[in-house]
Every structure is written in structure tokens, then in C-alpha cells.
Amino acid sequence: MLRHFLVDTDLSPEEQEQVLDLAAALKADRFSRRPLAGPQTVGVIFDKTSTRTRVSFATGVADLGGNPLIINPGESQLGHKESIADSSRVFSRMLAAVVWRTFEQSGLEEMAEYSSVPVINALSDDYHPCQILADLLTLRERFGDVKGLTLSYVGDAANNMANSYMLGCVTAGMHVRIAGPASHLPSQDVIDAARERAAETGGSVVVTTDMAEAVAGAHAVLRIRGCPWDRRIRRMIDPRSSGRIP
Amino acid sequence: MGQEDQKDDRSEIFRPYSVTSEAMAQAAENAVFLHCLPAYRGNEVTAEVIDGPASLVWDEAANRVHAQKALLTWLLDSSGLSSDRPDALRRAGGQQ
């Protein structure tokens, strides 16, 4: 069955565990799988700039026997001169998978709807699920099992990163604490979705404005970078900016 | 003009959430620090923390590669599209 990864909860708890087991195996034996042998080409499309995501996908696709085709911002007609649906139909006939960093989550959903190859969200306005898989792998390496551990995400929590940390970490059975100013906390619908998943796994979600409450006894403390993520503020700082993340 | 003030205001509201050695001391004894980068030392995290023994940020960055390779492989396997799995080869041969 065709599978995509647009949001953290697209993987069930069991499936996320399979992916992390596979990640550990591929880290131990880097060229042990060649699912892209041919080489098949993976489209890695950026509507915003990227450093880590770009390098990590290019390296990873090559390691798997494939050819990464990096498309930088402004280099494609995707969503401008051609509809996402039509682009997706064409990509499916050429590419083995589509990795896309974009703005609207609905664009990713449209890409997936018309695709016959896997579509991966490499960061949208709403989620960044690939980052959380890397973090879970990192925590596994340090602590062994991550189930039951507490992760505290502190700072600006009204964004894609907080959303994905909540959803991805409770999928792994972790307790997630989110602390930020009252004006910058996650939206209730994402908190509800995370709590629904947590009920399956034994994880939990706490949202607070109290830094001390969030970090007390936590096994992992996590911050993301400051200012540039907030499009409202970006617009204030640079009126020429669309406010979008560069 | 005036935008610098707004930027400062914003930094100010996040100041209580800066990750300092004092904050890390309240966490578990073996607690780790994660940051998906890029980082601004002295702003959201002190250099002492991000460059200190609790920080796993370089492993975290490197693990992007391993996690994404695993994700791609898992998705291709589950979709019957992996080149190195016989069932996937049939499907790939049928693609136009």
C-alpha cells in the first residue's frame, strides 16, 4: 500500500518503532540497503532555503543507491505555473519519491493525493516530522528505550516544531512538556491530537507557561532557534519580506 | 524604524525560557540538551549548555541522515517500490 509521511502521526507507534530500528541498523551498516538502486531519482524540492535538510536528504538518497534531484526555491513551476495535482502526476511517472519543504500543509496533502510514489514532508508551516525522527534516534542512543522519558520543549511553541515534537514524541510513548509565553503556545487542536495519540501509547502532554515546571526532572530539554520562525515578526523586522520562513 | 524595539520585545518574552546551566540543573541528573539548529549562543541557549557535556546537538544533526534514510526505505518497502526487494522490482518494471 502506498505510504506517505506528511505529519508525525502518519506512522503508528509500531511503525515509528520499525523506522527507528531501521535507522539504527542503517547507521551501523551504512550501505546495507539499496532501495533506490538503479539509480532511481528522488525529487528533493525546496520552496524555502535549507541547510541540514538539503544535505541530509542528498546524502541519504545517495547512500540508498539513488540520485537526489535538488530543486531550489524559484527553480520550479510547482504551484505557480502548474497545479500541484498535475505536477504530482508527472513526478510519479519519473521519480521514486518526492521530498518537499513548503509552506501550506494542504499543498503536501494535494501532492500526496495525486501521487503514486511516497511523499515526505521536509517541513511545512504546520509540521517538521523528519526532525523528530532524528531526535528520537538520538535519545534512543543515549537512553535505550525512550518510552516513559520526559522531553521539555521550551520557548516559542506556537509553531510547526512544537506541533511535531508533541505528536512525534507521544507516538514514542514519551511525556512531552511544552513551556512558552501565553501568546506563543500550541493550538488546541494539535494538543488534542497529541493527547489522543498519547492515550494509545502511555505518553502525555503538559502545556504551561512555567519554565521551572517544564524542566523539573526532564530527561531532555529542547529549544529551537529564536526569531526567524515567526512570520508576523519577520514582516515587522523586514517589511519587504513575505513573512515566510526563508 | 521602530522595528528593532519590536524585535527586542520579542526576545524579552522568551528570556525566561532560555536554556542556561541553571535550567539544566533543574532537569534530571543525566538530562540531555537538544537543539535542531541553527543556534544563537547567548540568546535561546548559553554556549555553556550547547557546547557542554549534556549537549547532543551534533549527534542530533547527524541522525537526520540515518532517520531519513530509514524513513525513505520504510516508505518504499511498505509501498512495494524498493529496488532491492523482489516484489518491488515487478512494480517498478510496470511503471511508465
# chains A, B, ... in the order shown; residues from 1 in each chain; ligands from 1

call {"tool": "interface_residues", "arguments": {"of": "chain A", "to": "chain B", "cutoff": "7 Å", "atoms": "only C-alpha atoms", "output": "PyMOL selection string"}}
result
chain A and resi 1-4+19-20+22-23+26-27+34-37+56-57+59-61+93+118+130-131+133-135+137-138+154-155+180-181+211+215-226+236-237

call {"tool": "write_last_selection", "arguments": {"atoms": "N, CA and C atoms", "output": "short mmCIF file (atom, residue, chain, number, x, y, z; two decimals), in the first residue's frame"}}
result
data_model
loop_
_atom_site.label_atom_id
_atom_site.label_comp_id
_atom_site.auth_asym_id
_atom_site.auth_seq_id
_atom_site.Cartn_x
_atom_site.Cartn_y
_atom_site.Cartn_z
N MET A 1 0.84 -1.20 0.00
CA MET A 1 0.00 0.00 0.00
C MET A 1 0.88 1.26 0.00
N LEU A 2 0.52 2.20 -0.84
CA LEU A 2 1.31 3.44 -0.94
C LEU A 2 1.27 4.21 0.38
N ARG A 3 2.46 4.60 0.87
CA ARG A 3 2.52 5.32 2.14
C ARG A 3 3.23 6.67 1.97
N HIS A 4 2.74 7.65 2.73
CA HIS A 4 3.35 8.98 2.75
C HIS A 4 3.72 9.34 4.19
N VAL A 19 10.71 2.17 11.94
CA VAL A 19 11.57 3.15 11.25
C VAL A 19 12.82 3.42 12.09
N LEU A 20 12.64 3.57 13.40
CA LEU A 20 13.79 3.87 14.26
C LEU A 20 14.74 2.66 14.36
N LEU A 22 15.19 0.54 11.97
CA LEU A 22 15.86 0.55 10.67
C LEU A 22 16.94 1.65 10.63
N ALA A 23 16.64 2.79 11.24
CA ALA A 23 17.62 3.89 11.29
C ALA A 23 18.88 3.46 12.03
N LEU A 26 20.77 1.07 9.78
CA LEU A 26 21.44 1.76 8.66
C LEU A 26 22.61 2.62 9.15
N LYS A 27 22.52 3.09 10.38
CA LYS A 27 23.63 3.84 10.95
C LYS A 27 24.81 2.90 11.22
N ARG A 34 19.65 -0.91 -0.46
CA ARG A 34 19.73 -0.17 -1.72
C ARG A 34 18.35 -0.06 -2.37
N PRO A 35 17.37 0.48 -1.64
CA PRO A 35 16.01 0.53 -2.19
C PRO A 35 15.88 1.46 -3.40
N LEU A 36 16.90 2.32 -3.61
CA LEU A 36 16.86 3.25 -4.74
C LEU A 36 17.84 2.86 -5.84
N ALA A 37 18.36 1.62 -5.73
CA ALA A 37 19.34 1.16 -6.72
C ALA A 37 18.77 1.30 -8.12
N SER A 56 21.23 16.47 4.30
CA SER A 56 20.92 15.14 4.84
C SER A 56 20.12 14.30 3.85
N PHE A 57 19.21 14.90 3.11
CA PHE A 57 18.47 14.12 2.12
C PHE A 57 19.36 13.75 0.93
N THR A 59 22.57 13.29 0.89
CA THR A 59 23.47 12.22 1.36
C THR A 59 22.73 10.91 1.52
N GLY A 60 21.57 10.98 2.12
CA GLY A 60 20.80 9.77 2.40
C GLY A 60 20.35 9.06 1.13
N VAL A 61 19.85 9.84 0.16
CA VAL A 61 19.40 9.25 -1.10
C VAL A 61 20.57 8.57 -1.81
N ARG A 93 5.54 9.65 -12.41
CA ARG A 93 5.99 8.88 -13.57
C ARG A 93 7.50 8.97 -13.78
N PRO A 118 5.84 7.66 -2.72
CA PRO A 118 5.78 8.28 -1.39
C PRO A 118 6.11 9.78 -1.42
N CYS A 130 10.33 14.96 10.09
CA CYS A 130 11.63 14.31 9.91
C CYS A 130 12.59 14.64 11.06
N GLN A 131 12.52 15.88 11.55
CA GLN A 131 13.41 16.28 12.64
C GLN A 131 13.15 15.43 13.89
N LEU A 133 12.07 12.36 14.12
CA LEU A 133 12.63 11.01 13.99
C LEU A 133 14.12 11.03 14.34
N ALA A 134 14.83 12.06 13.89
CA ALA A 134 16.26 12.18 14.20
C ALA A 134 16.48 12.35 15.71
N ASP A 135 15.62 13.14 16.34
CA ASP A 135 15.75 13.36 17.78
C ASP A 135 15.45 12.08 18.56
N LEU A 137 15.87 9.05 17.51
CA LEU A 137 17.03 8.18 17.34
C LEU A 137 18.15 8.59 18.30
N THR A 138 18.36 9.89 18.42
CA THR A 138 19.41 10.43 19.30
C THR A 138 19.14 10.06 20.76
N VAL A 154 10.94 24.12 25.24
CA VAL A 154 10.74 25.44 25.85
C VAL A 154 11.00 26.54 24.84
N GLY A 155 10.27 27.65 24.99
CA GLY A 155 10.44 28.81 24.11
C GLY A 155 9.20 29.06 23.29
N GLY A 180 6.06 27.95 27.18
CA GLY A 180 6.33 29.17 26.43
C GLY A 180 5.44 30.28 26.95
N PRO A 181 5.63 31.50 26.44
CA PRO A 181 4.76 32.60 26.84
C PRO A 181 3.32 32.29 26.41
N MET A 211 8.49 27.79 33.12
CA MET A 211 9.74 27.15 32.72
C MET A 211 10.20 26.12 33.76
N VAL A 215 10.89 22.01 33.10
CA VAL A 215 12.19 21.33 33.07
C VAL A 215 12.45 20.44 34.28
N ALA A 216 11.66 20.59 35.35
CA ALA A 216 11.93 19.82 36.57
C ALA A 216 11.96 18.31 36.28
N GLY A 217 13.11 17.72 36.48
CA GLY A 217 13.25 16.27 36.32
C GLY A 217 13.22 15.76 34.89
N ALA A 218 13.23 16.67 33.90
CA ALA A 218 13.13 16.23 32.50
C ALA A 218 14.39 15.49 32.05
N HIS A 219 14.21 14.55 31.13
CA HIS A 219 15.36 13.80 30.60
C HIS A 219 15.99 14.50 29.41
N ALA A 220 15.19 15.30 28.71
CA ALA A 220 15.71 16.06 27.56
C ALA A 220 15.10 17.44 27.58
N VAL A 221 15.94 18.45 27.40
CA VAL A 221 15.48 19.84 27.30
C VAL A 221 15.79 20.31 25.89
N LEU A 222 14.80 20.88 25.24
CA LEU A 222 14.94 21.20 23.83
C LEU A 222 14.51 22.63 23.54
N ARG A 223 15.34 23.32 22.79
CA ARG A 223 15.00 24.67 22.31
C ARG A 223 15.17 24.68 20.80
N ILE A 224 14.39 25.49 20.12
CA ILE A 224 14.65 25.75 18.71
C ILE A 224 15.17 27.16 18.61
N ARG A 225 15.66 27.52 17.41
CA ARG A 225 16.20 28.84 17.24
C ARG A 225 15.12 29.90 17.46
N GLY A 226 15.58 31.11 17.73
CA GLY A 226 14.65 32.19 18.06
C GLY A 226 13.95 32.78 16.85
N MET A 236 7.58 42.43 10.48
CA MET A 236 7.84 43.68 11.20
C MET A 236 9.30 44.09 11.07
N ILE A 237 10.17 43.09 11.14
CA ILE A 237 11.60 43.37 11.08
C ILE A 237 12.00 43.79 9.67
#

call {"tool": "residues_around", "arguments": {"residues": "stretch 162-173 of chain A", "least_positions_apart": "4", "cutoff": "9 Å", "atoms": "only C-alpha atoms", "output": "PyMOL selection string"}}
result
chain A and resi 7-9+11-14+16-17+126-133+136+146-149+151+153-154+156-158+177-178+185-187+190-191+193-195+197-205

call {"tool": "write_last_selection", "arguments": {"atoms": "N, CA and C atoms", "output": "compact mmCIF listing (two decimals), in the first residue's frame"}}
result
# COMPACT_ATOMS: atom_id res chain seq x y z
N VAL A 7 2.76 14.08 8.31
CA VAL A 7 2.65 14.53 9.70
C VAL A 7 3.11 13.35 10.55
N ASP A 8 3.62 13.65 11.75
CA ASP A 8 4.21 12.64 12.63
C ASP A 8 3.31 11.43 12.84
N THR A 9 2.01 11.69 12.97
CA THR A 9 1.09 10.60 13.28
C THR A 9 0.72 9.76 12.06
N LEU A 11 2.72 7.76 10.94
CA LEU A 11 3.28 6.48 11.39
C LEU A 11 2.59 6.09 12.70
N SER A 12 2.10 4.86 12.77
CA SER A 12 1.55 4.36 14.04
C SER A 12 2.71 4.18 15.01
N PRO A 13 2.44 4.02 16.29
CA PRO A 13 3.55 3.77 17.24
C PRO A 13 4.43 2.59 16.81
N GLU A 14 3.81 1.51 16.35
CA GLU A 14 4.59 0.34 15.93
C GLU A 14 5.44 0.66 14.70
N GLN A 16 6.50 3.65 13.72
CA GLN A 16 7.58 4.57 14.09
C GLN A 16 8.75 3.78 14.69
N GLU A 17 8.42 2.77 15.50
CA GLU A 17 9.46 1.94 16.10
C GLU A 17 10.24 1.18 15.01
N ASP A 126 3.08 23.76 9.34
CA ASP A 126 2.43 23.08 10.46
C ASP A 126 3.27 22.02 11.16
N TYR A 127 4.16 21.35 10.39
CA TYR A 127 4.89 20.21 10.98
C TYR A 127 6.29 20.08 10.39
N HIS A 128 7.18 19.44 11.18
CA HIS A 128 8.52 19.07 10.70
C HIS A 128 8.84 17.67 11.20
N PRO A 129 8.12 16.67 10.69
CA PRO A 129 8.20 15.33 11.29
C PRO A 129 9.55 14.63 11.13
N CYS A 130 10.33 14.96 10.09
CA CYS A 130 11.63 14.31 9.91
C CYS A 130 12.59 14.64 11.06
N GLN A 131 12.52 15.88 11.55
CA GLN A 131 13.41 16.28 12.64
C GLN A 131 13.15 15.43 13.89
N ILE A 132 11.91 15.13 14.14
CA ILE A 132 11.58 14.41 15.37
C ILE A 132 12.09 12.96 15.30
N LEU A 133 12.07 12.36 14.12
CA LEU A 133 12.63 11.01 13.99
C LEU A 133 14.12 11.03 14.34
N LEU A 136 14.43 11.35 18.12
CA LEU A 136 14.10 10.10 18.81
C LEU A 136 15.25 9.09 18.69
N VAL A 146 13.03 4.97 24.82
CA VAL A 146 12.59 6.35 25.11
C VAL A 146 11.21 6.38 25.78
N LYS A 147 10.49 5.26 25.73
CA LYS A 147 9.15 5.23 26.31
C LYS A 147 9.21 5.61 27.79
N GLY A 148 8.35 6.55 28.18
CA GLY A 148 8.30 6.97 29.58
C GLY A 148 9.24 8.11 29.92
N LEU A 149 10.14 8.46 29.00
CA LEU A 149 11.02 9.60 29.24
C LEU A 149 10.25 10.91 29.08
N LEU A 151 10.36 14.80 27.76
CA LEU A 151 11.03 15.80 26.92
C LEU A 151 10.36 17.15 27.15
N TYR A 153 10.05 20.89 25.83
CA TYR A 153 10.26 21.83 24.72
C TYR A 153 9.95 23.21 25.28
N VAL A 154 10.94 24.12 25.24
CA VAL A 154 10.74 25.44 25.85
C VAL A 154 11.00 26.54 24.84
N ASP A 156 9.41 29.44 22.01
CA ASP A 156 8.28 29.70 21.12
C ASP A 156 7.63 28.37 20.75
N ALA A 157 6.40 28.19 21.20
CA ALA A 157 5.75 26.90 21.00
C ALA A 157 4.52 26.99 20.10
N ALA A 158 4.34 28.14 19.45
CA ALA A 158 3.21 28.29 18.52
C ALA A 158 3.74 28.09 17.11
N ARG A 177 6.43 17.98 27.69
CA ARG A 177 6.03 19.23 28.35
C ARG A 177 6.41 20.38 27.44
N ILE A 178 5.46 21.27 27.24
CA ILE A 178 5.68 22.43 26.40
C ILE A 178 5.59 23.66 27.28
N LEU A 185 1.83 29.57 22.57
CA LEU A 185 1.63 28.16 22.90
C LEU A 185 0.91 27.47 21.73
N PRO A 186 0.99 26.14 21.66
CA PRO A 186 0.39 25.41 20.53
C PRO A 186 -1.14 25.58 20.49
N SER A 187 -1.69 25.37 19.31
CA SER A 187 -3.14 25.47 19.17
C SER A 187 -3.79 24.22 19.77
N VAL A 190 -4.02 20.75 17.92
CA VAL A 190 -2.82 19.89 17.88
C VAL A 190 -2.59 19.25 19.25
N ILE A 191 -2.85 20.02 20.31
CA ILE A 191 -2.73 19.45 21.67
C ILE A 191 -3.69 18.27 21.81
N ALA A 193 -4.93 16.37 19.40
CA ALA A 193 -4.46 15.25 18.58
C ALA A 193 -3.32 14.51 19.28
N ALA A 194 -2.43 15.28 19.91
CA ALA A 194 -1.31 14.66 20.62
C ALA A 194 -1.81 13.85 21.83
N ARG A 195 -2.81 14.39 22.52
CA ARG A 195 -3.34 13.67 23.70
C ARG A 195 -4.06 12.39 23.28
N ARG A 197 -3.24 10.54 20.67
CA ARG A 197 -2.18 9.57 20.40
C ARG A 197 -1.53 9.09 21.70
N ALA A 198 -1.35 10.03 22.64
CA ALA A 198 -0.73 9.69 23.93
C ALA A 198 -1.54 8.65 24.69
N ALA A 199 -2.86 8.72 24.54
CA ALA A 199 -3.73 7.77 25.24
C ALA A 199 -3.47 6.34 24.77
N GLU A 200 -3.01 6.19 23.52
CA GLU A 200 -2.69 4.87 22.97
C GLU A 200 -1.35 4.34 23.48
N THR A 201 -0.43 5.26 23.78
CA THR A 201 0.96 4.86 24.00
C THR A 201 1.41 4.96 25.46
N GLY A 202 0.59 5.60 26.32
CA GLY A 202 1.02 5.83 27.69
C GLY A 202 1.81 7.11 27.85
N GLY A 203 1.91 7.89 26.79
CA GLY A 203 2.58 9.20 26.88
C GLY A 203 1.64 10.25 27.44
N SER A 204 2.12 11.50 27.50
CA SER A 204 1.25 12.57 27.99
C SER A 204 1.73 13.91 27.44
N VAL A 205 0.86 14.91 27.54
CA VAL A 205 1.20 16.26 27.10
C VAL A 205 0.83 17.24 28.20

call {"tool": "decode", "arguments": {"residues": "stretch 7-78 of chain B", "atoms": "C-alpha atoms", "output": "CSV table (one decimal), in the first residue's frame"}}
result
chain,number,residue,atom,x,y,z
B,7,LYS,CA,12.4,42.6,18.0
B,8,ASP,CA,13.7,43.4,21.5
B,9,ASP,CA,10.2,42.9,22.9
B,10,ARG,CA,10.1,39.5,21.4
B,11,SER,CA,13.5,38.4,22.7
B,12,GLU,CA,12.3,39.7,26.1
B,13,ILE,CA,9.2,37.5,26.2
B,14,PHE,CA,11.3,34.4,25.5
B,15,ARG,CA,14.1,35.3,28.0
B,16,PRO,CA,12.6,33.1,30.9
B,17,TYR,CA,12.8,30.1,28.5
B,18,SER,CA,16.5,30.4,27.7
B,19,VAL,CA,18.3,27.2,28.4
B,20,THR,CA,21.0,28.0,30.9
B,21,SER,CA,23.1,25.8,33.2
B,22,GLU,CA,20.7,26.8,36.0
B,23,ALA,CA,17.8,25.5,33.9
B,24,MET,CA,19.6,22.3,33.1
B,25,ALA,CA,20.4,21.8,36.8
B,26,GLN,CA,16.7,21.5,37.5
B,27,ALA,CA,16.3,18.7,34.9
B,28,ALA,CA,17.2,15.0,35.6
B,29,GLU,CA,20.7,14.3,36.6
B,30,ASN,CA,21.5,12.7,33.2
B,31,ALA,CA,19.4,15.1,31.2
B,32,VAL,CA,20.5,16.0,27.7
B,33,PHE,CA,20.1,19.1,25.6
B,34,LEU,CA,18.7,19.1,22.1
B,35,HIS,CA,18.5,21.9,19.5
B,36,CYS,CA,17.6,21.4,15.9
B,37,LEU,CA,20.0,24.3,14.8
B,38,PRO,CA,20.9,26.9,13.7
B,39,ALA,CA,21.6,28.1,17.2
B,40,TYR,CA,22.3,31.6,18.5
B,41,ARG,CA,24.5,31.2,21.5
B,42,GLY,CA,23.7,33.7,24.3
B,43,ASN,CA,20.1,34.0,23.0
B,44,GLU,CA,18.0,30.9,23.3
B,45,VAL,CA,20.8,28.8,24.8
B,46,THR,CA,24.1,29.6,26.5
B,47,ALA,CA,27.3,28.5,25.0
B,48,GLU,CA,28.0,26.6,28.2
B,49,VAL,CA,25.0,24.4,27.6
B,50,ILE,CA,25.1,23.9,23.8
B,51,ASP,CA,28.9,23.3,23.9
B,52,GLY,CA,28.8,21.4,27.2
B,53,PRO,CA,28.6,17.7,28.1
B,54,ALA,CA,24.8,17.5,28.2
B,55,SER,CA,24.5,18.6,24.6
B,56,LEU,CA,23.7,16.0,21.9
B,57,VAL,CA,23.2,18.6,19.1
B,58,TRP,CA,25.9,17.2,16.7
B,59,ASP,CA,24.6,13.6,17.0
B,60,GLU,CA,21.1,15.0,16.6
B,61,ALA,CA,22.1,16.7,13.3
B,62,ALA,CA,24.0,13.7,12.0
B,63,ASN,CA,21.0,11.5,12.8
B,64,ARG,CA,18.9,13.4,10.3
B,65,VAL,CA,20.7,11.4,7.6
B,66,HIS,CA,20.1,8.0,9.3
B,67,ALA,CA,16.5,8.7,10.3
B,68,GLN,CA,15.6,10.0,6.8
B,69,LYS,CA,17.3,7.0,5.1
B,70,ALA,CA,15.2,4.7,7.3
B,71,LEU,CA,12.0,6.7,6.6
B,72,LEU,CA,12.6,6.5,2.8
B,73,THR,CA,13.4,2.8,2.9
B,74,TRP,CA,10.4,2.0,5.1
B,75,LEU,CA,8.0,4.0,2.9
B,76,LEU,CA,9.4,2.4,-0.3
B,77,ASP,CA,9.3,-1.1,1.2
B,78,SER,CA,5.7,-0.5,2.5
